[in-house]
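Okay, query38.txt is below, compact mmCIF, C-alpha atoms:
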# COMPACT_ATOMS: atom_id res chain seq x y z
CA MET V 1 25.09 -54.14 4.30
CA GLU V 2 25.60 -52.46 7.65
CA ALA V 3 26.67 -49.25 5.89
CA ASN V 4 23.47 -49.21 3.80
CA GLN V 5 21.36 -49.80 6.90
CA ALA V 6 23.14 -46.97 8.72
CA SER V 7 22.51 -44.58 5.83
CA VAL V 8 18.79 -45.49 5.81
CA ILE V 9 18.58 -44.86 9.56
CA GLU V 10 20.36 -41.51 9.14
CA ALA V 11 18.00 -40.51 6.28
CA ASP V 12 14.97 -41.39 8.44
CA ARG V 13 16.40 -39.36 11.31
CA LEU V 14 16.93 -36.30 9.09
CA LYS V 15 13.43 -36.67 7.64
CA SER V 16 11.96 -36.85 11.13
CA GLU V 17 13.88 -33.76 12.22
CA ASP V 18 12.72 -31.89 9.11
CA GLU V 19 9.08 -32.79 9.76
CA GLN V 20 9.44 -31.68 13.38
CA ALA V 21 10.96 -28.37 12.29
CA ARG V 22 8.07 -27.81 9.88
CA LYS V 23 5.54 -28.47 12.65
CA GLU V 24 7.30 -25.97 14.89
CA THR V 25 7.32 -23.25 12.23
CA ARG V 26 3.72 -24.04 11.23
CA TRP V 27 2.37 -23.30 14.70
CA VAL V 28 4.09 -19.91 14.62
CA GLN V 29 2.28 -19.03 11.40
CA GLU V 30 -1.03 -20.28 12.81
CA VAL V 31 -0.69 -17.97 15.82
CA VAL V 32 0.14 -15.01 13.55
CA ASN V 33 -2.92 -15.85 11.42
CA VAL V 34 -5.28 -15.82 14.40
CA LEU V 35 -3.95 -12.52 15.71
CA ASP V 36 -3.90 -10.75 12.34
CA MET V 37 -7.39 -11.98 11.45
CA ALA V 38 -8.66 -10.54 14.74
CA ILE V 39 -7.31 -7.16 13.60
CA ILE V 40 -8.32 -7.32 9.92
CA MET V 41 -11.79 -8.82 10.30
CA ALA V 42 -12.90 -7.62 13.75
CA GLY V 43 -10.78 -4.55 14.44
CA ALA V 44 -9.50 -6.00 17.75
CA GLU V 45 -10.85 -2.96 19.59
CA GLY V 46 -9.09 -2.57 22.94
CA ARG V 47 -6.79 -5.50 22.20
CA ARG V 48 -4.26 -4.00 19.77
CA ASP V 49 -1.54 -3.46 22.39
CA MET V 50 -1.93 -6.99 23.71
CA ILE V 51 -1.76 -8.47 20.20
CA GLU V 52 1.34 -6.41 19.38
CA SER V 53 3.02 -7.60 22.60
CA ILE V 54 2.30 -11.24 21.74
CA LEU V 55 3.67 -10.82 18.20
CA GLN V 56 6.84 -9.15 19.46
CA ALA V 57 7.38 -11.94 21.99
CA LEU V 58 6.76 -14.55 19.30
CA GLN V 59 9.27 -12.90 16.98
CA ARG V 60 11.90 -12.87 19.76
CA HIS V 61 11.16 -16.57 20.40
CA VAL V 62 11.73 -17.42 16.73
CA GLN V 63 14.96 -15.41 16.65
CA ASP V 64 16.20 -17.19 19.79
CA GLN V 65 15.40 -20.58 18.25
CA GLN V 66 17.29 -19.69 15.09
CA ALA V 67 20.27 -18.59 17.18
CA GLU V 68 20.26 -21.96 18.99
CA GLU V 69 20.09 -23.91 15.73
CA HIS V 70 22.65 -21.92 13.77
CA GLY V 71 24.74 -20.46 16.56
CA PRO V 72 24.69 -16.87 17.79
CA LYS V 73 25.30 -14.21 15.18
CA PRO V 74 27.86 -11.46 15.78
CA LYS V 75 26.34 -8.61 17.76
CA ARG V 76 25.36 -5.54 15.81
CA ARG V 77 24.20 -2.21 17.13
CA LYS V 78 21.22 -2.19 14.82
CA LEU V 79 20.09 -3.34 11.42
CA ASP V 80 21.26 -0.79 8.87
CA PHE V 81 19.22 -0.72 5.65
CA SER V 82 20.41 2.72 4.51
CA MET V 83 23.33 1.18 2.54
CA ARG V 84 21.38 -1.34 0.49
CA ARG V 85 22.69 -4.02 -1.80
CA PHE V 86 22.13 -3.22 -5.47
CA ASP V 87 19.61 -6.07 -5.80
CA ASP V 88 17.65 -5.16 -2.64
CA ARG V 89 15.01 -3.19 -4.48
CA PHE V 90 11.82 -3.77 -6.40
CA PRO V 91 12.38 -4.71 -10.06
CA THR V 92 11.70 -2.05 -12.65
CA CYS V 93 10.79 -4.78 -15.14
CA CYS V 94 7.35 -4.92 -13.50
CA THR V 95 6.71 -1.70 -15.39
CA LYS V 96 4.92 -2.58 -18.63
CA PRO V 97 5.02 -0.38 -21.75
CA ILE V 98 1.45 0.78 -21.08
CA GLU V 99 2.59 2.16 -17.72
CA THR V 100 4.96 4.70 -19.25
CA SER V 101 4.54 8.24 -17.96
CA PRO V 102 1.90 10.12 -19.99
CA PHE V 103 2.63 13.56 -21.35
CA VAL V 104 1.47 16.11 -18.76
CA GLU V 105 -0.42 18.86 -20.61
CA HIS V 106 -2.14 20.53 -17.66
CA PRO V 107 0.29 20.39 -14.73
CA ILE V 108 -0.80 20.85 -11.14
CA PRO V 109 0.96 23.83 -9.51
CA SER V 110 3.93 22.76 -7.40
CA SER V 111 6.10 24.28 -4.71
CA SER V 112 9.01 23.20 -2.52
CA ALA V 113 8.39 22.49 1.19
CA VAL V 114 5.55 24.97 1.59
CA PRO V 115 5.48 26.58 5.08
CA ILE V 116 2.30 25.77 7.00
CA MET V 117 1.17 29.43 7.03
CA LEU V 118 1.42 29.68 3.24
CA PHE V 119 -0.41 26.37 2.90
CA GLU V 120 -3.25 27.68 5.07
CA GLN V 121 -3.50 30.72 2.82
CA HIS V 122 -3.65 28.41 -0.22
CA LEU V 123 -6.32 26.36 1.54
CA GLN V 124 -8.48 29.32 2.58
CA ALA V 125 -8.26 30.85 -0.90
CA GLY V 126 -9.61 27.63 -2.44
CA LYS V 127 -6.77 27.44 -4.97
CA GLY V 128 -7.15 23.72 -5.57
CA PRO V 129 -4.63 20.86 -5.74
CA LEU V 130 -0.94 21.43 -5.02
CA VAL V 131 2.16 19.24 -5.44
CA ILE V 132 4.56 19.79 -2.53
CA ARG V 133 8.20 18.81 -3.06
CA ASP V 134 10.81 18.08 -0.38
CA ALA V 135 8.25 17.81 2.42
CA LEU V 136 9.09 14.20 3.32
CA GLU V 137 12.89 14.36 3.51
CA HIS V 138 12.82 13.65 7.26
CA TRP V 139 10.88 10.38 6.85
CA PRO V 140 13.00 7.29 7.70
CA ALA V 141 10.89 5.39 5.13
CA LEU V 142 12.81 7.25 2.42
CA HIS V 143 16.28 6.78 3.91
CA GLU V 144 17.59 4.69 6.81
CA ARG V 145 14.48 2.47 7.00
CA PRO V 146 13.65 2.32 3.29
CA TRP V 147 10.30 0.99 2.11
CA GLY V 148 11.90 0.52 -1.30
CA SER V 149 13.84 -2.41 0.20
CA PRO V 150 12.06 -5.81 0.01
CA HIS V 151 14.46 -7.05 2.69
CA TYR V 152 13.43 -4.26 5.08
CA LEU V 153 9.69 -4.78 4.52
CA LEU V 154 10.07 -8.51 5.17
CA HIS V 155 11.94 -7.69 8.37
CA ARG V 156 9.11 -5.40 9.54
CA THR V 157 6.42 -7.96 8.74
CA PHE V 158 7.87 -10.85 10.79
CA GLY V 159 9.69 -12.39 7.84
CA GLY V 160 6.67 -11.79 5.61
CA ARG V 161 4.36 -13.81 7.90
CA ARG V 162 1.94 -10.96 8.67
CA LEU V 163 -1.41 -11.15 6.89
CA VAL V 164 -2.78 -8.33 4.73
CA PRO V 165 -5.97 -7.84 2.68
CA VAL V 166 -5.19 -7.70 -1.04
CA GLU V 167 -7.44 -6.48 -3.84
CA LEU V 168 -7.17 -8.72 -6.91
CA GLY V 169 -7.58 -6.95 -10.22
CA ARG V 170 -6.66 -3.66 -11.85
CA SER V 171 -9.50 -1.59 -10.33
CA TYR V 172 -12.45 -2.14 -7.97
CA THR V 173 -14.83 -1.20 -10.80
CA ASP V 174 -13.53 -3.92 -13.14
CA GLU V 175 -15.32 -7.20 -13.72
CA GLY V 176 -13.59 -10.04 -11.92
CA TRP V 177 -12.29 -7.83 -9.11
CA GLY V 178 -12.03 -9.55 -5.71
CA GLN V 179 -10.25 -9.62 -2.36
CA LYS V 180 -8.06 -12.13 -0.57
CA ILE V 181 -6.08 -12.38 2.67
CA LEU V 182 -2.42 -13.18 1.96
CA MET V 183 0.85 -13.36 3.85
CA PHE V 184 2.79 -10.16 3.19
CA GLY V 185 5.73 -12.16 1.81
CA ASP V 186 3.49 -14.11 -0.55
CA PHE V 187 1.87 -10.87 -1.73
CA MET V 188 5.27 -9.43 -2.62
CA GLU V 189 6.44 -12.64 -4.25
CA GLN V 190 3.33 -13.04 -6.43
CA PHE V 191 2.76 -9.44 -7.49
CA LEU V 192 5.83 -7.27 -6.89
CA MET V 193 8.93 -9.39 -7.51
CA CYS V 194 8.35 -10.31 -11.14
CA GLY V 195 11.57 -10.77 -13.05
CA VAL V 196 13.56 -11.58 -9.93
CA GLU V 197 15.11 -15.04 -9.93
CA ALA V 198 13.16 -17.24 -7.52
CA SER V 199 16.36 -18.25 -5.77
CA GLU V 200 17.26 -14.59 -5.06
CA TYR V 201 13.93 -13.73 -3.47
CA THR V 202 13.76 -17.05 -1.61
CA THR V 203 17.17 -16.32 -0.12
CA ILE V 204 15.93 -12.96 1.17
CA ARG V 205 12.82 -14.59 2.66
CA GLN V 206 14.79 -17.41 4.21
CA ASN V 207 17.04 -14.91 5.93
CA GLN V 208 13.91 -13.51 7.58
CA HIS V 209 11.68 -16.57 7.71
CA SER V 210 13.21 -19.85 8.80
CA ASP V 211 10.86 -22.15 6.90
CA GLY V 212 10.94 -19.98 3.75
CA GLY V 213 7.38 -20.91 2.83
CA SER V 214 3.76 -20.12 3.50
CA ASN V 215 2.69 -23.00 5.71
CA GLY V 216 -0.47 -22.11 7.55
CA ALA V 217 -1.14 -18.95 5.54
CA VAL V 218 -4.67 -17.79 5.04
CA THR V 219 -5.29 -17.62 1.30
CA GLY V 220 -9.03 -18.16 1.03
CA ASP V 221 -11.24 -15.55 -0.58
CA VAL V 222 -12.83 -12.93 1.63
CA GLU V 223 -14.81 -11.69 -1.32
CA SER V 224 -14.28 -12.49 -4.95
CA SER V 225 -16.22 -12.01 -8.16
CA GLY V 226 -13.75 -13.75 -10.47
CA LYS V 227 -12.75 -17.35 -11.09
CA GLU V 228 -9.06 -16.85 -11.78
CA THR V 229 -6.51 -14.90 -9.77
CA PRO V 230 -5.72 -11.70 -11.73
CA LYS V 231 -2.12 -10.72 -12.41
CA ILE V 232 -2.44 -7.52 -10.36
CA GLY V 233 -2.69 -7.48 -6.57
CA TYR V 234 -3.10 -4.26 -4.60
CA LEU V 235 -2.81 -3.64 -0.87
CA ALA V 236 -5.20 -0.70 -1.08
CA GLN V 237 -6.77 1.67 1.47
CA HIS V 238 -5.70 -0.49 4.39
CA ASP V 239 -4.79 0.85 7.85
CA LEU V 240 -1.52 -1.05 7.77
CA PHE V 241 0.08 1.24 10.32
CA SER V 242 -2.19 0.46 13.23
CA GLN V 243 -1.80 -3.23 12.38
CA ILE V 244 2.01 -3.00 12.17
CA PRO V 245 3.13 -0.08 14.37
CA SER V 246 6.82 -0.51 13.47
CA LEU V 247 6.00 0.74 9.95
CA ARG V 248 4.07 3.67 11.43
CA ASN V 249 7.29 4.77 13.13
CA ASP V 250 8.92 5.23 9.70
CA ILE V 251 6.63 8.14 8.76
CA SER V 252 5.01 11.16 10.39
CA ILE V 253 1.79 13.07 9.84
CA PRO V 254 2.47 16.10 7.61
CA ASP V 255 1.91 19.43 9.34
CA TYR V 256 -0.49 20.35 6.54
CA CYS V 257 -3.05 17.96 8.04
CA PHE V 258 -3.38 20.33 11.01
CA ALA V 259 -4.27 23.35 8.91
CA ASP V 260 -7.72 24.85 9.44
CA PRO V 261 -9.79 24.17 6.30
CA PRO V 262 -12.61 26.44 5.10
CA GLN V 263 -16.25 25.53 5.52
CA PHE V 264 -17.63 23.26 2.81
CA SER V 265 -19.60 24.96 0.04
CA GLU V 266 -22.73 23.41 -1.44
CA PRO V 267 -21.23 22.87 -4.95
CA MET V 268 -18.22 21.19 -3.39
CA MET V 269 -20.38 18.84 -1.35
CA SER V 270 -22.94 18.01 -4.06
CA ASN V 271 -21.54 14.49 -4.57
CA GLN V 272 -20.48 13.93 -0.94
CA GLN V 273 -22.24 11.89 1.71
CA ALA V 274 -22.34 13.10 5.31
CA ASN V 275 -19.28 11.85 7.16
CA PRO V 276 -18.30 12.09 10.83
CA ARG V 277 -15.63 14.58 11.86
CA LEU V 278 -12.18 13.10 12.36
CA GLU V 279 -10.46 13.49 15.72
CA GLU V 280 -7.10 12.88 14.04
CA PRO V 281 -5.90 12.22 10.47
CA LEU V 282 -6.88 8.85 9.00
CA LEU V 283 -3.93 6.95 7.47
CA ASN V 284 -4.12 4.35 4.72
CA ALA V 285 -1.49 2.37 2.81
CA TRP V 286 -1.47 1.88 -0.97
CA PHE V 287 1.11 -0.69 -2.07
CA GLY V 288 1.20 -2.54 -5.37
CA PRO V 289 2.78 -3.11 -8.78
CA ALA V 290 2.66 -0.98 -11.89
CA GLY V 291 -0.79 -0.86 -13.45
CA THR V 292 -2.95 -0.60 -10.33
CA VAL V 293 -5.74 1.94 -10.78
CA SER V 294 -7.96 3.93 -8.47
CA PRO V 295 -10.85 4.88 -10.79
CA LEU V 296 -12.14 8.44 -10.95
CA HIS V 297 -13.70 9.17 -7.54
CA THR V 298 -13.95 11.68 -4.71
CA ASP V 299 -12.85 11.35 -1.09
CA PRO V 300 -15.00 12.30 1.92
CA TYR V 301 -12.19 14.38 3.45
CA TYR V 302 -9.23 16.56 2.50
CA ASN V 303 -6.30 14.38 1.44
CA ILE V 304 -2.51 14.63 1.53
CA LEU V 305 -1.22 11.79 -0.69
CA CYS V 306 2.46 11.03 0.02
CA GLN V 307 4.60 9.05 -2.43
CA VAL V 308 7.24 6.92 -0.68
CA VAL V 309 8.25 4.38 -3.36
CA GLY V 310 7.91 4.64 -7.15
CA LYS V 311 5.65 7.03 -9.00
CA LYS V 312 2.01 7.50 -9.95
CA TYR V 313 0.07 9.39 -12.58
CA VAL V 314 -2.72 11.47 -11.00
CA ARG V 315 -5.45 13.42 -12.78
CA LEU V 316 -7.92 15.70 -10.97
CA TYR V 317 -11.20 17.41 -11.89
CA SER V 318 -12.80 20.24 -9.96
CA PRO V 319 -16.24 19.69 -8.38
CA ASP V 320 -17.70 22.12 -10.96
CA GLN V 321 -16.94 19.50 -13.65
CA THR V 322 -19.15 16.85 -12.00
CA ASP V 323 -21.92 17.08 -14.64
CA LYS V 324 -19.39 15.95 -17.27
CA LEU V 325 -17.99 13.03 -15.22
CA TYR V 326 -21.01 10.67 -15.08
CA PRO V 327 -21.19 9.68 -11.39
CA ARG V 328 -22.59 6.24 -10.65
CA GLY V 329 -25.80 5.76 -8.71
CA VAL V 330 -26.93 3.15 -6.21
CA GLU V 331 -25.56 -0.26 -7.24
CA GLY V 332 -26.52 -3.40 -5.36
CA GLY V 333 -27.83 -1.30 -2.50
CA VAL V 334 -24.54 0.65 -2.24
CA ASN V 335 -24.37 4.38 -2.98
CA MET V 336 -21.59 4.69 -5.59
CA SER V 337 -22.17 8.36 -6.40
CA ASN V 338 -18.60 9.21 -5.38
CA THR V 339 -17.26 7.04 -8.25
CA SER V 340 -17.48 7.81 -11.97
CA GLU V 341 -18.59 5.41 -14.69
CA LEU V 342 -15.65 6.59 -16.79
CA ASP V 343 -12.44 4.80 -17.62
CA VAL V 344 -10.37 7.98 -17.77
CA GLU V 345 -7.65 6.50 -20.01
CA GLY V 346 -10.00 4.28 -21.98
CA ASP V 347 -10.52 4.19 -25.75
CA ASN V 348 -11.07 7.81 -26.79
CA ASP V 349 -13.52 7.11 -29.63
CA GLU V 350 -15.62 4.81 -27.44
CA MET V 351 -15.63 7.38 -24.62
CA LYS V 352 -16.90 10.08 -27.00
CA LYS V 353 -19.81 7.87 -28.02
CA VAL V 354 -20.85 6.67 -24.55
CA PHE V 355 -19.86 9.74 -22.50
CA PRO V 356 -19.96 12.69 -24.91
CA LEU V 357 -19.64 15.41 -22.24
CA PHE V 358 -16.41 13.98 -20.83
CA GLN V 359 -14.23 15.35 -23.66
CA HIS V 360 -15.15 18.87 -22.49
CA ALA V 361 -14.20 18.31 -18.84
CA LYS V 362 -11.24 20.42 -17.65
CA TYR V 363 -8.56 18.78 -15.54
CA VAL V 364 -5.08 19.12 -14.02
CA GLU V 365 -2.52 16.32 -13.73
CA THR V 366 0.89 15.28 -12.43
CA VAL V 367 3.33 12.40 -12.16
CA LEU V 368 3.84 12.12 -8.40
CA GLU V 369 7.46 11.18 -7.66
CA GLU V 370 9.15 9.68 -4.59
CA GLY V 371 9.36 12.20 -1.75
CA GLN V 372 6.51 14.36 -3.07
CA CYS V 373 3.05 14.83 -1.64
CA LEU V 374 -0.16 15.98 -3.30
CA PHE V 375 -2.87 18.06 -1.65
CA ILE V 376 -6.30 16.94 -2.90
CA PRO V 377 -9.15 19.21 -1.74
CA ILE V 378 -12.39 17.61 -0.62
CA GLY V 379 -14.85 17.14 -3.47
CA TRP V 380 -12.19 17.01 -6.21
CA TRP V 381 -12.46 14.01 -8.50
CA HIS V 382 -9.18 12.13 -8.93
CA TYR V 383 -7.90 9.21 -10.95
CA VAL V 384 -4.65 7.45 -9.98
CA ARG V 385 -2.50 4.91 -11.89
CA SER V 386 0.77 3.38 -10.66
CA LEU V 387 3.58 3.68 -13.20
CA THR V 388 5.99 1.47 -11.22
CA VAL V 389 5.94 -0.61 -8.07
CA SER V 390 4.50 1.99 -5.73
CA PHE V 391 4.01 2.57 -2.00
CA SER V 392 1.92 5.60 -1.02
CA VAL V 393 0.31 6.83 2.18
CA SER V 394 -2.86 8.91 2.24
CA PHE V 395 -3.75 11.20 5.13
CA TRP V 396 -7.44 12.12 5.31
CA TRP V 397 -8.27 15.11 7.51
CA ASP V 398 -10.91 17.78 8.02
Could you rewrite the structure in this file as structure tokens?
Amino acid sequence: MEANQASVIEADRLKSEDEQARKETRWVQEVVNVLDMAIIMAGAEGRRDMIESILQALQRHVQDQQAEEHGPKPKRRKLDFSMRRFDDRFPTCCTKPIETSPFVEHPIPSSSAVPIMLFEQHLQAGKGPLVIRDALEHWPALHERPWGSPHYLLHRTFGGRRLVPVELGRSYTDEGWGQKILMFGDFMEQFLMCGVEASEYTTIRQNQHSDGGSNGAVTGDVESSGKETPKIGYLAQHDLFSQIPSLRNDISIPDYCFADPPQFSEPMMSNQQANPRLEEPLLNAWFGPAGTVSPLHTDPYYNILCQVVGKKYVRLYSPDQTDKLYPRGVEGGVNMSNTSELDVEGDNDEMKKVFPLFQHAKYVETVLEEGQCLFIPIGWWHYVRSLTVSFSVSFWWD
């Protein structure tokens, strides 16, 4: 009788301790939510350094608590992710048959590590897109601090606690497309780690994140036009690197972004809106599973698209092909003239009926591999589809 009573008391004590631990980890997530939402929704102008200092202090506090609970870990000089475990990578099974590499009939010219002077000559001569190989070999993101490691990315995002805006759906032109704020770890778990045993991924998250869950995460819609959560989530065109500076330290701005571009010609700018000059290159992250699509569109600036993880199929059309590409107009009060109505890889017979001029449009194409970058001149239409789990960085410049 006394033994049973003692076991009940012990069970109640353990339950109480577990509830207390959950409360302690929940407040950490709530603080991260408030700080990240200030950045994502309001920009946190003039407060970025303060927010980063608070997050770093909070992460040290959590690490100290874990050390007290589990005992101090052996000292290490630094975390070394360059020698990864075989299973510390994104699964290739996320690649569906439809995402196989298409046959490249009209390849974009390519060159190895083009010197800046030769690139400027290419730029001034208006020679068009160029694939540049071996230009990113010095990036830590490809080697000692690998973005292809789920473990490393969780480490850099406070155990996956950091919030990020995620596009839900294959493409922003598709019906049912929407947006949601998710914890980085939840984003990876839901959309990038398919085929990985839940216990394996949970173990990785628990090593980074003491409660191993998403308590306190913001998961409400920011904007959504669909009722069900699509199977594709895309962290697209987000300034992740000003939000999480530690990731920014893993890359560097390509020298090509400091080349002096030629003046814009009228044909080149026919589908462009006036945009302010950039004081420095504008960086954006593009991170998602196989099957994400950026529909045929133009950018307001010159672009160096750098492929860090996985590969993408990219097709480009010169500005002089615009009359065959069916630009959109004003939709819902928004000027969409930089985006085409076309589904570039859609049903060929249907495309011929609805968009008869498109079959005559000339294009160039490539499969952009890890470690390569692609120069996209301003005004050039481009369509992009991820063939695998993919992490890219775009650098806009003028």
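Counting only C-alpha atoms and comparing V:Arg248, V:Arg162, V:Arg145, V:Arg315, the residue that lies closest to Ile376 (chain V) is V:Arg315.
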List the neighbours of region 377-390 of chain V out to 8 Å using all atoms listed in the file; skip same-chain residues closer than 4 positions along the sequence, and give me the result as a ChimeraX atom specification. /V:90-92,94-95,99-101,128-129,192,268-269,271-272,286-303,307-319,344
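Between CA of Val131 (chain V) and CA of Tyr363 (chain V) the separation is 14.7 Å.
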With a distance cut-off of 10 Å and only C-alpha atoms, select the neighbouring residues of Ser110 (chain V), excluding the residue or stretch itself and same-chain residues fewer than 4 positions from it, and output the selection as a ChimeraX atom specification. /V:114,129-133,366,372-374
Region 343-350 of chain V, all listed atoms, 3 Å padding on each side: what axis-aligned box centre and edge lengths in Å to one decimal come out, as lines of an AutoDock Vina configuration file?
center_x = -11.6
center_y = 6.1
center_z = -23.6
size_x = 14.0
size_y = 9.8
size_z = 18.0
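Coordinates place CA of Arg170 (chain V) at a distance of 20.5 Å from CA of Tyr326 (chain V).
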Among listed residues V:Asn249, V:Gln237, V:Gln321, V:Thr339, nearest Ser394 (chain V) (using only C-alpha atoms): V:Gln237
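With CA of Ser337 (chain V) on one side and CA of Leu305 (chain V) on the other, the separation reads 22.0 Å.
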For Glu341 (chain V), work out the shell of residues within 8 Å, counting all atoms listed in the file and skipping chain neighbours fewer than 5 positions away, then give it as number ranges by chain. V: 325-328
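You can rank V:Cys257, V:Ile232, V:His122, V:Ala38 by their closest distance to Asp174 (chain V) using only C-alpha atoms, and at the top of that list sits V:Ile232.
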At a cut-off of 9 Å, using only C-alpha atoms, what residues contact Ile39 (chain V)? Leave out same-chain residues fewer than 6 positions from it and give the result as a ChimeraX atom specification. /V:45,47-48,51,243
